[in-house]
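As provided, data_15.pdb (PDB, C-alpha atoms and all ligand atoms) reads as follows.
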ATOM      1  CA  MET A   1       0.000   0.000   0.000
ATOM      2  CA  VAL A   2       1.700   3.157  -1.199
ATOM      3  CA  PHE A   3       0.512   6.576  -0.128
ATOM      4  CA  ASN A   4       1.457   9.692  -2.058
ATOM      5  CA  MET A   5       2.588  12.316   0.351
ATOM      6  CA  ALA A   6       3.068  15.934  -0.745
ATOM      7  CA  SER A   7       6.722  16.775  -0.396
ATOM      8  CA  GLU A   8       5.901  20.324   0.720
ATOM      9  CA  GLN A   9       3.023  22.012   2.443
ATOM     10  CA  LEU A  10       0.463  23.745   0.239
ATOM     11  CA  ASN A  11      -1.774  26.268   1.909
ATOM     12  CA  SER A  12      -4.541  26.741  -0.609
ATOM     13  CA  LEU A  13      -6.262  25.129  -3.527
ATOM     14  CA  LYS A  14      -5.004  28.036  -5.693
ATOM     15  CA  GLU A  15      -1.407  27.262  -4.753
ATOM     16  CA  TYR A  16      -2.097  23.599  -5.572
ATOM     17  CA  PHE A  17      -3.412  24.375  -9.080
ATOM     18  CA  ILE A  18      -0.580  26.797  -9.841
ATOM     19  CA  LYS A  19       1.958  24.125  -8.907
ATOM     20  CA  LEU A  20      -0.023  21.530 -10.855
ATOM     21  CA  VAL A  21      -0.045  23.660 -14.040
ATOM     22  CA  LYS A  22       3.639  24.547 -13.666
ATOM     23  CA  ARG A  23       4.330  20.870 -13.122
ATOM     24  CA  GLU A  24       5.995  21.677  -9.837
ATOM     25  CA  LEU A  25       3.887  19.347  -7.791
ATOM     26  CA  PHE A  26       6.041  16.619  -6.316
ATOM     27  CA  PHE A  27       5.050  13.697  -4.198
ATOM     28  CA  LYS A  28       7.005  11.323  -2.080
ATOM     29  CA  GLU A  29       5.927   7.723  -2.191
ATOM     30  CA  PHE A  30       5.394   6.246   1.220
ATOM     31  CA  TYR A  31       5.223   2.471   1.580
ATOM     32  CA  ALA A  32       2.748   1.958   4.415
ATOM     33  CA  LEU A  33       2.755  -1.793   3.703
ATOM     34  CA  ASP A  34       5.489  -3.438   1.722
ATOM     35  CA  HIS A  35       5.160  -7.055   0.615
ATOM     36  CA  VAL A  36       3.038  -8.071   3.563
ATOM     37  CA  SER A  37       1.469 -11.451   2.997
ATOM     38  CA  PHE A  38      -0.311 -13.879   5.286
ATOM     39  CA  LYS A  39      -3.282 -16.228   5.420
ATOM     40  CA  VAL A  40      -5.978 -16.454   8.047
ATOM     41  CA  LYS A  41      -8.087 -19.604   8.194
ATOM     42  CA  LYS A  42     -11.767 -19.771   9.036
ATOM     43  CA  GLY A  43     -12.362 -19.648  12.776
ATOM     44  CA  GLU A  44      -8.908 -18.305  13.551
ATOM     45  CA  VAL A  45      -8.405 -15.278  15.747
ATOM     46  CA  MET A  46      -5.526 -13.282  14.366
ATOM     47  CA  GLY A  47      -3.961 -10.413  16.261
ATOM     48  CA  LEU A  48      -1.943  -7.656  14.628
ATOM     49  CA  VAL A  49       0.744  -6.066  16.761
ATOM     50  CA  GLY A  50       3.294  -3.358  16.034
ATOM     51  CA  THR A  51       4.298   0.069  17.285
ATOM     52  CA  ASN A  52       2.476   3.310  16.349
ATOM     53  CA  GLY A  53       2.345   4.016  12.640
ATOM     54  CA  SER A  54       3.580   0.562  11.661
ATOM     55  CA  GLY A  55       0.668  -0.152   9.311
ATOM     56  CA  LYS A  56      -1.808  -2.216  11.344
ATOM     57  CA  SER A  57      -4.883  -0.073  10.657
ATOM     58  CA  THR A  58      -3.880   0.260   7.020
ATOM     59  CA  MET A  59      -3.713  -3.556   6.814
ATOM     60  CA  LEU A  60      -7.220  -3.874   8.273
ATOM     61  CA  LYS A  61      -8.566  -1.241   5.860
ATOM     62  CA  VAL A  62      -7.034  -3.054   2.898
ATOM     63  CA  ILE A  63      -8.580  -6.340   4.063
ATOM     64  CA  ALA A  64     -11.965  -4.682   4.670
ATOM     65  CA  GLY A  65     -11.886  -3.130   1.189
ATOM     66  CA  VAL A  66     -11.820   0.443   2.504
ATOM     67  CA  LEU A  67      -8.460   0.959   0.786
ATOM     68  CA  GLU A  68      -7.477  -0.520  -2.548
ATOM     69  CA  PRO A  69      -3.913  -1.843  -2.426
ATOM     70  CA  THR A  70      -1.502  -0.199  -4.866
ATOM     71  CA  SER A  71      -0.353  -3.650  -5.887
ATOM     72  CA  GLY A  72      -1.033  -7.136  -4.692
ATOM     73  CA  SER A  73      -4.398  -8.537  -3.712
ATOM     74  CA  VAL A  74      -6.606  -9.621  -0.873
ATOM     75  CA  SER A  75      -9.013 -12.505  -1.151
ATOM     76  CA  VAL A  76     -11.829 -12.657   1.325
ATOM     77  CA  ARG A  77     -14.388 -15.443   1.672
ATOM     78  CA  GLY A  78     -17.443 -14.398   3.636
ATOM     79  CA  SER A  79     -19.179 -11.345   4.997
ATOM     80  CA  ILE A  80     -17.138  -8.785   6.898
ATOM     81  CA  ALA A  81     -18.267  -6.737   9.888
ATOM     82  CA  PRO A  82     -15.617  -4.022   9.970
ATOM     83  CA  LEU A  83     -15.265  -2.187  13.257
ATOM     84  CA  ILE A  84     -12.828   0.337  11.916
ATOM     85  CA  GLU A  85     -13.216   4.086  11.734
ATOM     86  CA  LEU A  86     -16.303   3.877  13.894
ATOM     87  CA  GLY A  87     -18.675   6.637  13.073
ATOM     88  CA  ALA A  88     -17.500   6.936   9.467
ATOM     89  CA  GLY A  89     -20.822   5.436   8.395
ATOM     90  CA  PHE A  90     -22.820   7.738  10.642
ATOM     91  CA  ASP A  91     -24.392  11.059   9.752
ATOM     92  CA  LEU A  92     -23.862  12.955  12.982
ATOM     93  CA  GLU A  93     -26.707  15.385  12.234
ATOM     94  CA  LEU A  94     -29.129  12.458  12.480
ATOM     95  CA  THR A  95     -30.348  10.835  15.674
ATOM     96  CA  ALA A  96     -28.965   7.515  16.885
ATOM     97  CA  ARG A  97     -32.230   5.821  15.900
ATOM     98  CA  GLU A  98     -31.920   7.114  12.320
ATOM     99  CA  ASN A  99     -28.254   6.189  12.215
ATOM    100  CA  ILE A 100     -28.989   2.636  13.303
ATOM    101  CA  PHE A 101     -31.124   2.200  10.183
ATOM    102  CA  LEU A 102     -28.607   4.032   7.990
ATOM    103  CA  ASN A 103     -25.646   2.002   9.248
ATOM    104  CA  GLY A 104     -27.650  -1.209   9.058
ATOM    105  CA  ALA A 105     -28.376  -0.466   5.389
ATOM    106  CA  LEU A 106     -24.649   0.044   4.771
ATOM    107  CA  LEU A 107     -24.074  -3.391   6.275
ATOM    108  CA  GLY A 108     -26.724  -4.857   3.982
ATOM    109  CA  HIS A 109     -29.663  -5.159   6.409
ATOM    110  CA  ASP A 110     -33.086  -3.918   5.326
ATOM    111  CA  ARG A 111     -35.429  -1.732   7.358
ATOM    112  CA  ALA A 112     -37.601  -4.607   8.620
ATOM    113  CA  PHE A 113     -34.532  -6.478   9.828
ATOM    114  CA  MET A 114     -33.207  -3.427  11.655
ATOM    115  CA  GLN A 115     -36.637  -2.724  13.196
ATOM    116  CA  GLU A 116     -36.696  -6.281  14.514
ATOM    117  CA  HIS A 117     -33.213  -5.911  16.037
ATOM    118  CA  LEU A 118     -33.494  -2.308  17.223
ATOM    119  CA  ASP A 119     -34.185  -3.231  20.856
ATOM    120  CA  SER A 120     -31.279  -5.646  21.090
ATOM    121  CA  ILE A 121     -28.918  -3.027  19.602
ATOM    122  CA  VAL A 122     -30.090  -0.332  21.994
ATOM    123  CA  ASP A 123     -30.007  -2.707  24.980
ATOM    124  CA  PHE A 124     -26.480  -3.791  24.190
ATOM    125  CA  ALA A 125     -25.309  -0.186  23.768
ATOM    126  CA  GLU A 126     -27.232   0.801  26.955
ATOM    127  CA  LEU A 127     -28.281   4.057  25.316
ATOM    128  CA  ALA A 128     -32.093   3.832  25.300
ATOM    129  CA  ASP A 129     -32.383   7.292  26.870
ATOM    130  CA  PHE A 130     -30.332   8.880  24.105
ATOM    131  CA  LEU A 131     -31.911   7.204  21.099
ATOM    132  CA  ASP A 132     -33.538  10.336  19.714
ATOM    133  CA  MET A 133     -30.639  12.680  20.316
ATOM    134  CA  PRO A 134     -28.527  13.808  17.308
ATOM    135  CA  MET A 135     -25.300  11.858  17.330
ATOM    136  CA  LYS A 136     -23.213  15.035  17.139
ATOM    137  CA  ASN A 137     -23.966  15.332  20.852
ATOM    138  CA  TYR A 138     -22.694  11.827  21.579
ATOM    139  CA  SER A 139     -19.333  11.233  23.222
ATOM    140  CA  SER A 140     -16.782   9.127  21.314
ATOM    141  CA  GLY A 141     -17.458   6.201  23.654
ATOM    142  CA  MET A 142     -21.209   6.435  23.001
ATOM    143  CA  VAL A 143     -20.564   6.378  19.236
ATOM    144  CA  ALA A 144     -18.382   3.278  19.700
ATOM    145  CA  ARG A 145     -21.144   1.577  21.711
ATOM    146  CA  ILE A 146     -23.759   2.078  18.990
ATOM    147  CA  ALA A 147     -21.343   1.116  16.201
ATOM    148  CA  PHE A 148     -20.249  -2.117  17.910
ATOM    149  CA  ALA A 149     -23.846  -3.058  18.722
ATOM    150  CA  ILE A 150     -24.914  -2.608  15.083
ATOM    151  CA  ALA A 151     -21.913  -4.376  13.531
ATOM    152  CA  THR A 152     -22.325  -7.426  15.755
ATOM    153  CA  VAL A 153     -26.109  -7.710  15.734
ATOM    154  CA  VAL A 154     -25.730 -10.802  13.587
ATOM    155  CA  GLU A 155     -22.810 -13.186  13.680
ATOM    156  CA  PRO A 156     -20.541 -12.124  10.789
ATOM    157  CA  ASP A 157     -18.201 -14.519   8.966
ATOM    158  CA  ILE A 158     -15.304 -12.154   9.583
ATOM    159  CA  LEU A 159     -15.047  -9.588  12.345
ATOM    160  CA  ILE A 160     -12.427  -6.881  11.992
ATOM    161  CA  VAL A 161     -11.740  -4.971  15.174
ATOM    162  CA  ASP A 162      -9.430  -1.985  15.396
ATOM    163  CA  GLU A 163      -8.310  -0.065  18.466
ATOM    164  CA  THR A 164     -11.496   1.974  18.188
ATOM    165  CA  LEU A 165     -13.121   0.073  21.028
ATOM    166  CA  SER A 166     -10.559   1.526  23.388
ATOM    167  CA  VAL A 167     -12.666   4.700  23.595
ATOM    168  CA  GLY A 168     -15.364   2.714  25.408
ATOM    169  CA  ASP A 169     -15.235   2.544  29.194
ATOM    170  CA  VAL A 170     -13.775  -0.539  30.849
ATOM    171  CA  PHE A 171     -17.218  -2.121  31.423
ATOM    172  CA  PHE A 172     -18.183  -1.731  27.802
ATOM    173  CA  GLN A 173     -14.802  -3.027  26.640
ATOM    174  CA  GLU A 174     -15.365  -6.135  28.761
ATOM    175  CA  LYS A 175     -18.856  -6.516  27.319
ATOM    176  CA  CYS A 176     -17.474  -6.262  23.768
ATOM    177  CA  GLU A 177     -14.753  -8.765  24.603
ATOM    178  CA  ARG A 178     -17.403 -11.203  25.896
ATOM    179  CA  ARG A 179     -19.381 -10.847  22.660
ATOM    180  CA  ILE A 180     -16.223 -11.325  20.566
ATOM    181  CA  GLN A 181     -15.363 -14.360  22.726
ATOM    182  CA  SER A 182     -18.820 -15.842  22.110
ATOM    183  CA  PHE A 183     -18.237 -15.482  18.351
ATOM    184  CA  ILE A 184     -14.842 -17.147  18.754
ATOM    185  CA  ASP A 185     -16.362 -19.997  20.783
ATOM    186  CA  SER A 186     -18.913 -20.652  18.030
ATOM    187  CA  GLY A 187     -15.952 -21.571  15.799
ATOM    188  CA  ASN A 188     -17.630 -19.989  12.767
ATOM    189  CA  VAL A 189     -16.280 -16.482  13.036
ATOM    190  CA  THR A 190     -12.833 -15.406  11.891
ATOM    191  CA  VAL A 191     -11.500 -12.453  13.833
ATOM    192  CA  LEU A 192      -8.803  -9.940  12.934
ATOM    193  CA  PHE A 193      -7.848  -7.882  15.875
ATOM    194  CA  VAL A 194      -5.605  -4.856  16.505
ATOM    195  CA  SER A 195      -4.806  -3.873  20.043
ATOM    196  CA  HIS A 196      -1.981  -2.168  21.891
ATOM    197  CA  SER A 197      -2.731  -4.377  24.853
ATOM    198  CA  ILE A 198      -0.444  -7.383  24.406
ATOM    199  CA  GLU A 199      -2.329  -9.085  27.256
ATOM    200  CA  GLN A 200      -5.596  -8.719  25.339
ATOM    201  CA  VAL A 201      -4.011 -10.077  22.161
ATOM    202  CA  GLU A 202      -2.643 -13.073  24.099
ATOM    203  CA  ARG A 203      -5.996 -13.637  25.788
ATOM    204  CA  LEU A 204      -8.126 -13.535  22.635
ATOM    205  CA  CYS A 205      -5.928 -14.576  19.735
ATOM    206  CA  THR A 206      -4.583 -17.881  18.529
ATOM    207  CA  ARG A 207      -2.128 -16.438  16.005
ATOM    208  CA  ALA A 208      -0.523 -13.059  15.523
ATOM    209  CA  ALA A 209       1.267 -11.033  12.892
ATOM    210  CA  TRP A 210       3.835  -8.430  13.881
ATOM    211  CA  ILE A 211       4.049  -5.543  11.435
ATOM    212  CA  GLU A 212       6.831  -2.995  11.880
ATOM    213  CA  LYS A 213       7.363   0.046   9.635
ATOM    214  CA  GLY A 214       5.228  -1.539   6.953
ATOM    215  CA  GLN A 215       7.140  -4.813   6.933
ATOM    216  CA  LEU A 216       5.937  -8.168   8.179
ATOM    217  CA  ARG A 217       8.354  -9.097  10.942
ATOM    218  CA  MET A 218       6.784 -12.326  12.096
ATOM    219  CA  VAL A 219       3.631 -14.410  11.803
ATOM    220  CA  ASP A 220       3.220 -17.343  14.139
ATOM    221  CA  GLU A 221       1.442 -18.690  17.225
ATOM    222  CA  VAL A 222       0.370 -15.771  19.426
ATOM    223  CA  GLU A 223       2.725 -16.604  22.324
ATOM    224  CA  ALA A 224       5.818 -16.658  20.123
ATOM    225  CA  VAL A 225       4.971 -13.368  18.395
ATOM    226  CA  CYS A 226       4.130 -11.544  21.637
ATOM    227  CA  ARG A 227       7.324 -12.847  23.274
ATOM    228  CA  ALA A 228       9.488 -11.598  20.398
ATOM    229  CA  TYR A 229       7.641  -8.247  20.322
ATOM    230  CA  ARG A 230       8.114  -7.792  24.082
ATOM    231  CA  GLU A 231      11.779  -8.715  23.843
ATOM    232  CA  GLN A 232      12.317  -6.041  21.201
ATOM    233  CA  PHE A 233      10.509  -3.194  22.918
ATOM    234  CA  GLY A 234       9.882  -4.267  26.532
TER     235      GLY A 234
HETATM  236  N1  LIG A 301      -4.428   8.126   3.995
HETATM  237  C1  LIG A 301      -3.124   8.188   4.283
HETATM  238  N2  LIG A 301      -2.284   9.010   3.610
HETATM  239  C2  LIG A 301      -0.973   9.071   3.889
HETATM  240  N3  LIG A 301      -0.388   8.321   4.850
HETATM  241  C3  LIG A 301      -1.161   7.490   5.555
HETATM  242  C4  LIG A 301      -2.572   7.380   5.325
HETATM  243  N4  LIG A 301      -3.068   6.461   6.196
HETATM  244  C5  LIG A 301      -2.028   6.026   6.918
HETATM  245  N5  LIG A 301      -0.883   6.631   6.538
HETATM  246  C6  LIG A 301       0.461   6.401   7.081
HETATM  247  O1  LIG A 301       0.714   5.013   7.076
HETATM  248  C7  LIG A 301       1.451   4.629   8.230
HETATM  249  C8  LIG A 301       0.723   3.505   8.943
HETATM  250  O2  LIG A 301      -0.449   4.024   9.548
HETATM  251  P1  LIG A 301      -1.448   3.081  10.340
HETATM  252  O3  LIG A 301      -2.583   3.928  10.819
HETATM  253  O4  LIG A 301      -1.775   1.896   9.521
HETATM  254  O5  LIG A 301      -0.549   2.623  11.575
HETATM  255  P2  LIG A 301      -0.929   1.764  12.852
HETATM  256  O6  LIG A 301       0.050   0.643  12.965
HETATM  257  O7  LIG A 301      -2.358   1.397  12.853
HETATM  258  O8  LIG A 301      -0.614   2.828  14.000
HETATM  259  P3  LIG A 301      -1.244   3.079  15.462
HETATM  260  O9  LIG A 301      -0.740   1.987  16.322
HETATM  261  O10 LIG A 301      -0.614   4.389  15.825
HETATM  262  O11 LIG A 301      -2.717   3.141  15.337
HETATM  263  C9  LIG A 301       1.626   5.889   9.057
HETATM  264  O12 LIG A 301       2.927   6.398   8.830
HETATM  265  C10 LIG A 301       0.590   6.841   8.533
HETATM  266  O13 LIG A 301       1.024   8.187   8.597
END

Turn the structure described in the file into structure tokens.
Ligand SMILES: Nc1ncnc2c1ncn2[C@@H]1O[C@H](COP(=O)(O)OP(=O)(O)OP(=O)(O)O)[C@@H](O)[C@H]1O
Amino acid sequence: MVFNMASEQLNSLKEYFIKLVKRELFFKEFYALDHVSFKVKKGEVMGLVGTNGSGKSTMLKVIAGVLEPTSGSVSVRGSIAPLIELGAGFDLELTARENIFLNGALLGHDRAFMQEHLDSIVDFAELADFLDMPMKNYSSGMVARIAFAIATVVEPDILIVDETLSVGDVFFQEKCERRIQSFIDSGNVTVLFVSHSIEQVERLCTRAAWIEKGQLRMVDEVEAVCRAYREQFG
């Protein structure tokens, strides 16, 4: 995954077009992921570890289809519930109730289906009192609660979880972890998981990939990867 980064700061659109016309616009190529390749089998729980900016979220976005890789490919078998960039699918001017239907539609659920599951979503998020409030007045943790509740209302084939849940309070994080664990126990759900908590990765995952500065350093059983990662930075 290569990002084009402007090699200098441009302060206006006018400046941008002038440079574009004069052919003075230069970009630096930045390899956010370079030759990263791994397989995840059905029912596996795969953790991604690595220091800040190493490419974990980019990897999840490429897998979820949010980003198209510059070269290479991803093959996915099954439906994906992506819990990345929570709130990206929400219109914050709308109420939570309206957003539940909107987000459900984005995940491929029709209105009748969402109506049927509305109570279970709201109960899980514990936000019944705030259902008709515009989401722009929600805290980041409240947004995460609604987003997680919607994305996991049905058991997906593949669940992709980014650090985003960390904005939830500790009780909600535990509740999410229990729901993720119940998916794992069913044996049908494949989970890809990014967390800065090595303990959480060890607790939930069976395998792990360590990505560092866009390169795949290691992919193995979770204990071995976490041990090597700790030895390097601990
Ligand atoms: N849209 C983008 N345009 C340019 N660079 C980007 C873009 N998205 C990510 N990057 C860069 O790619 C690199 C990897 O970012 P990424 O968010 O995947 O890291 P991460 O491992 O998830 O980090 P963290 O642990 O801090 O969340 C970073 O250097 C980041 O600046």

The PyMOL selection byres (((not hetatm)) within 10 of (chain A and resi 301)) - which residues does that actually catch in the file I just gave you? List them as a PyMOL selection string.
chain A and resi 1-6+29-33+48-62+67+162-164+194-196+210-214

Distance of CA of Gly47 in chain A from CA of Val201 in chain A, expressed in Å to one decimal place:
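Separation between CA of Val201 in chain A and CA of Gly47 in chain A: 5.9 Å.
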
Here CA of Ser197 in chain A and CA of Asp185 in chain A stand apart by 21.1 Å

Return as a short mmCIF file (atom, residue, chain, number, x, y, z; two decimals) with C-alpha atoms, in the coordinates of the input the set of residues that the PyMOL selection byres (((chain A and resi 138) around 12) and not hetatm) yields on the displayed structure.
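Result written to selection_33.cif:
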data_model
loop_
_atom_site.label_atom_id
_atom_site.label_comp_id
_atom_site.auth_asym_id
_atom_site.auth_seq_id
_atom_site.Cartn_x
_atom_site.Cartn_y
_atom_site.Cartn_z
CA GLY A 87 -18.68 6.64 13.07
CA PHE A 90 -22.82 7.74 10.64
CA ASP A 91 -24.39 11.06 9.75
CA LEU A 92 -23.86 12.96 12.98
CA GLU A 93 -26.71 15.38 12.23
CA LEU A 94 -29.13 12.46 12.48
CA THR A 95 -30.35 10.84 15.67
CA ALA A 96 -28.96 7.52 16.89
CA LEU A 127 -28.28 4.06 25.32
CA ASP A 129 -32.38 7.29 26.87
CA PHE A 130 -30.33 8.88 24.10
CA LEU A 131 -31.91 7.20 21.10
CA ASP A 132 -33.54 10.34 19.71
CA MET A 133 -30.64 12.68 20.32
CA PRO A 134 -28.53 13.81 17.31
CA MET A 135 -25.30 11.86 17.33
CA LYS A 136 -23.21 15.04 17.14
CA ASN A 137 -23.97 15.33 20.85
CA SER A 139 -19.33 11.23 23.22
CA SER A 140 -16.78 9.13 21.31
CA GLY A 141 -17.46 6.20 23.65
CA MET A 142 -21.21 6.44 23.00
CA VAL A 143 -20.56 6.38 19.24
CA ALA A 144 -18.38 3.28 19.70
CA ARG A 145 -21.14 1.58 21.71
CA ILE A 146 -23.76 2.08 18.99
#

Using only C-alpha atoms, determine which residues lie at most 9 Å from Ile63 in chain A, disregarding the query and same-chain residues fewer than 5 positions distant; provide the list as an MDAnalysis selection string.
chainID A and resid 58 68 74:76 160

Residues near Val191 in chain A, cut-off 12 Å, only C-alpha atoms, skip fewer than 6 positions along chain, as a PyMOL selection string:
chain A and resi 40-48+60+63+78-83+155-162+177+179-185+201+204-208

Judged by only C-alpha atoms, the minimum distance to Ala151 in chain A among A:Lys14, A:Lys175, A:Lys22, A:His109 is found for A:His109

Report the distance between CA of Met218 in chain A and CA of Glu85 in chain A in Å, rounded to one decimal place.
25.9 Å

5 Å per side around range 126-137 of chain A: axis-aligned box centre and edge lengths, as JSON:
{"center_x": -28.4, "center_y": 8.1, "center_z": 22.0, "size_x": 20.3, "size_y": 24.5, "size_z": 19.8}

Applied to this file, what does the PyMOL selection byres (((chain A and resi 26) around 8) and not hetatm) return in terms of residues, put as a list in words?
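Matching residues under the PyMOL selection byres (((chain A and resi 26) around 8) and not hetatm) are Ala6, Ser7, Glu8, Glu24, Leu25, Phe27 and Lys28 of chain A.
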
Need the shell around Ile150 in chain A: protein/DNA/RNA residues with any atom at most 8 Å away, counting all atoms listed in the file. Skip same-chain ones fewer than 4 positions apart. Format as a PyMOL selection string?
chain A and resi 100+103-104+121+146

Nearest to Ala125 in chain A by atom-to-atom distance, counting only C-alpha atoms, from A:Phe113, A:Phe172, A:Phe233, A:Phe101:
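Of A:Phe113, A:Phe172, A:Phe233, A:Phe101, the one nearest Ala125 in chain A, counting only C-alpha atoms, is A:Phe172.
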
Incomplete range 77-104 of chain A filled out to N, CA and C atoms as a tab-separated table (two decimals), in the frame of the given file:
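This is the output file selection-v1.tsv:
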chain	number	residue	atom	x	y	z
A	77	ARG	N	-13.22	-14.58	1.87
A	77	ARG	CA	-14.39	-15.44	1.67
A	77	ARG	C	-15.34	-15.24	2.84
A	78	GLY	N	-16.44	-14.59	2.60
A	78	GLY	CA	-17.44	-14.40	3.64
A	78	GLY	C	-17.75	-12.94	3.86
A	79	SER	N	-18.76	-12.72	4.71
A	79	SER	CA	-19.18	-11.34	5.00
A	79	SER	C	-18.28	-10.75	6.07
A	80	ILE	N	-18.01	-9.46	5.94
A	80	ILE	CA	-17.14	-8.78	6.90
A	80	ILE	C	-17.93	-7.78	7.71
A	81	ALA	N	-17.76	-7.82	9.04
A	81	ALA	CA	-18.27	-6.74	9.89
A	81	ALA	C	-17.05	-5.93	10.30
A	82	PRO	N	-16.81	-4.78	9.64
A	82	PRO	CA	-15.62	-4.02	9.97
A	82	PRO	C	-15.87	-3.02	11.08
A	83	LEU	N	-15.15	-3.17	12.18
A	83	LEU	CA	-15.26	-2.19	13.26
A	83	LEU	C	-14.07	-1.27	13.20
A	84	ILE	N	-13.93	-0.60	12.06
A	84	ILE	CA	-12.83	0.34	11.92
A	84	ILE	C	-13.41	1.69	11.56
A	85	GLU	N	-12.73	2.72	11.95
A	85	GLU	CA	-13.22	4.09	11.73
A	85	GLU	C	-14.67	4.19	12.16
A	86	LEU	N	-14.93	3.82	13.39
A	86	LEU	CA	-16.30	3.88	13.89
A	86	LEU	C	-16.85	5.27	13.71
A	87	GLY	N	-18.07	5.33	13.26
A	87	GLY	CA	-18.68	6.64	13.07
A	87	GLY	C	-18.56	7.13	11.64
A	88	ALA	N	-17.66	6.49	10.86
A	88	ALA	CA	-17.50	6.94	9.47
A	88	ALA	C	-18.81	6.72	8.70
A	89	GLY	N	-19.55	5.71	9.08
A	89	GLY	CA	-20.82	5.44	8.40
A	89	GLY	C	-21.99	6.17	9.01
A	90	PHE	N	-21.73	7.00	10.00
A	90	PHE	CA	-22.82	7.74	10.64
A	90	PHE	C	-22.94	9.14	10.09
A	91	ASP	N	-24.17	9.64	10.03
A	91	ASP	CA	-24.39	11.06	9.75
A	91	ASP	C	-24.70	11.70	11.10
A	92	LEU	N	-23.76	12.47	11.60
A	92	LEU	CA	-23.86	12.96	12.98
A	92	LEU	C	-24.99	13.97	13.19
A	93	GLU	N	-25.54	14.49	12.09
A	93	GLU	CA	-26.71	15.38	12.23
A	93	GLU	C	-27.97	14.58	12.56
A	94	LEU	N	-27.95	13.31	12.24
A	94	LEU	CA	-29.13	12.46	12.48
A	94	LEU	C	-29.10	11.89	13.89
A	95	THR	N	-30.28	11.44	14.34
A	95	THR	CA	-30.35	10.84	15.67
A	95	THR	C	-29.75	9.43	15.63
A	96	ALA	N	-29.52	8.87	16.81
A	96	ALA	CA	-28.96	7.52	16.89
A	96	ALA	C	-29.93	6.52	16.23
A	97	ARG	N	-31.24	6.73	16.49
A	97	ARG	CA	-32.23	5.82	15.90
A	97	ARG	C	-32.11	5.82	14.37
A	98	GLU	N	-32.03	7.02	13.79
A	98	GLU	CA	-31.92	7.11	12.32
A	98	GLU	C	-30.60	6.50	11.83
A	99	ASN	N	-29.56	6.73	12.61
A	99	ASN	CA	-28.25	6.19	12.22
A	99	ASN	C	-28.20	4.67	12.29
A	100	ILE	N	-28.97	4.10	13.21
A	100	ILE	CA	-28.99	2.64	13.30
A	100	ILE	C	-29.52	2.05	11.99
A	101	PHE	N	-30.57	2.68	11.45
A	101	PHE	CA	-31.12	2.20	10.18
A	101	PHE	C	-30.16	2.47	9.02
A	102	LEU	N	-29.55	3.66	9.05
A	102	LEU	CA	-28.61	4.03	7.99
A	102	LEU	C	-27.41	3.08	7.97
A	103	ASN	N	-26.83	2.87	9.15
A	103	ASN	CA	-25.65	2.00	9.25
A	103	ASN	C	-26.00	0.55	8.93
A	104	GLY	N	-27.18	0.14	9.36
A	104	GLY	CA	-27.65	-1.21	9.06
A	104	GLY	C	-27.73	-1.41	7.55
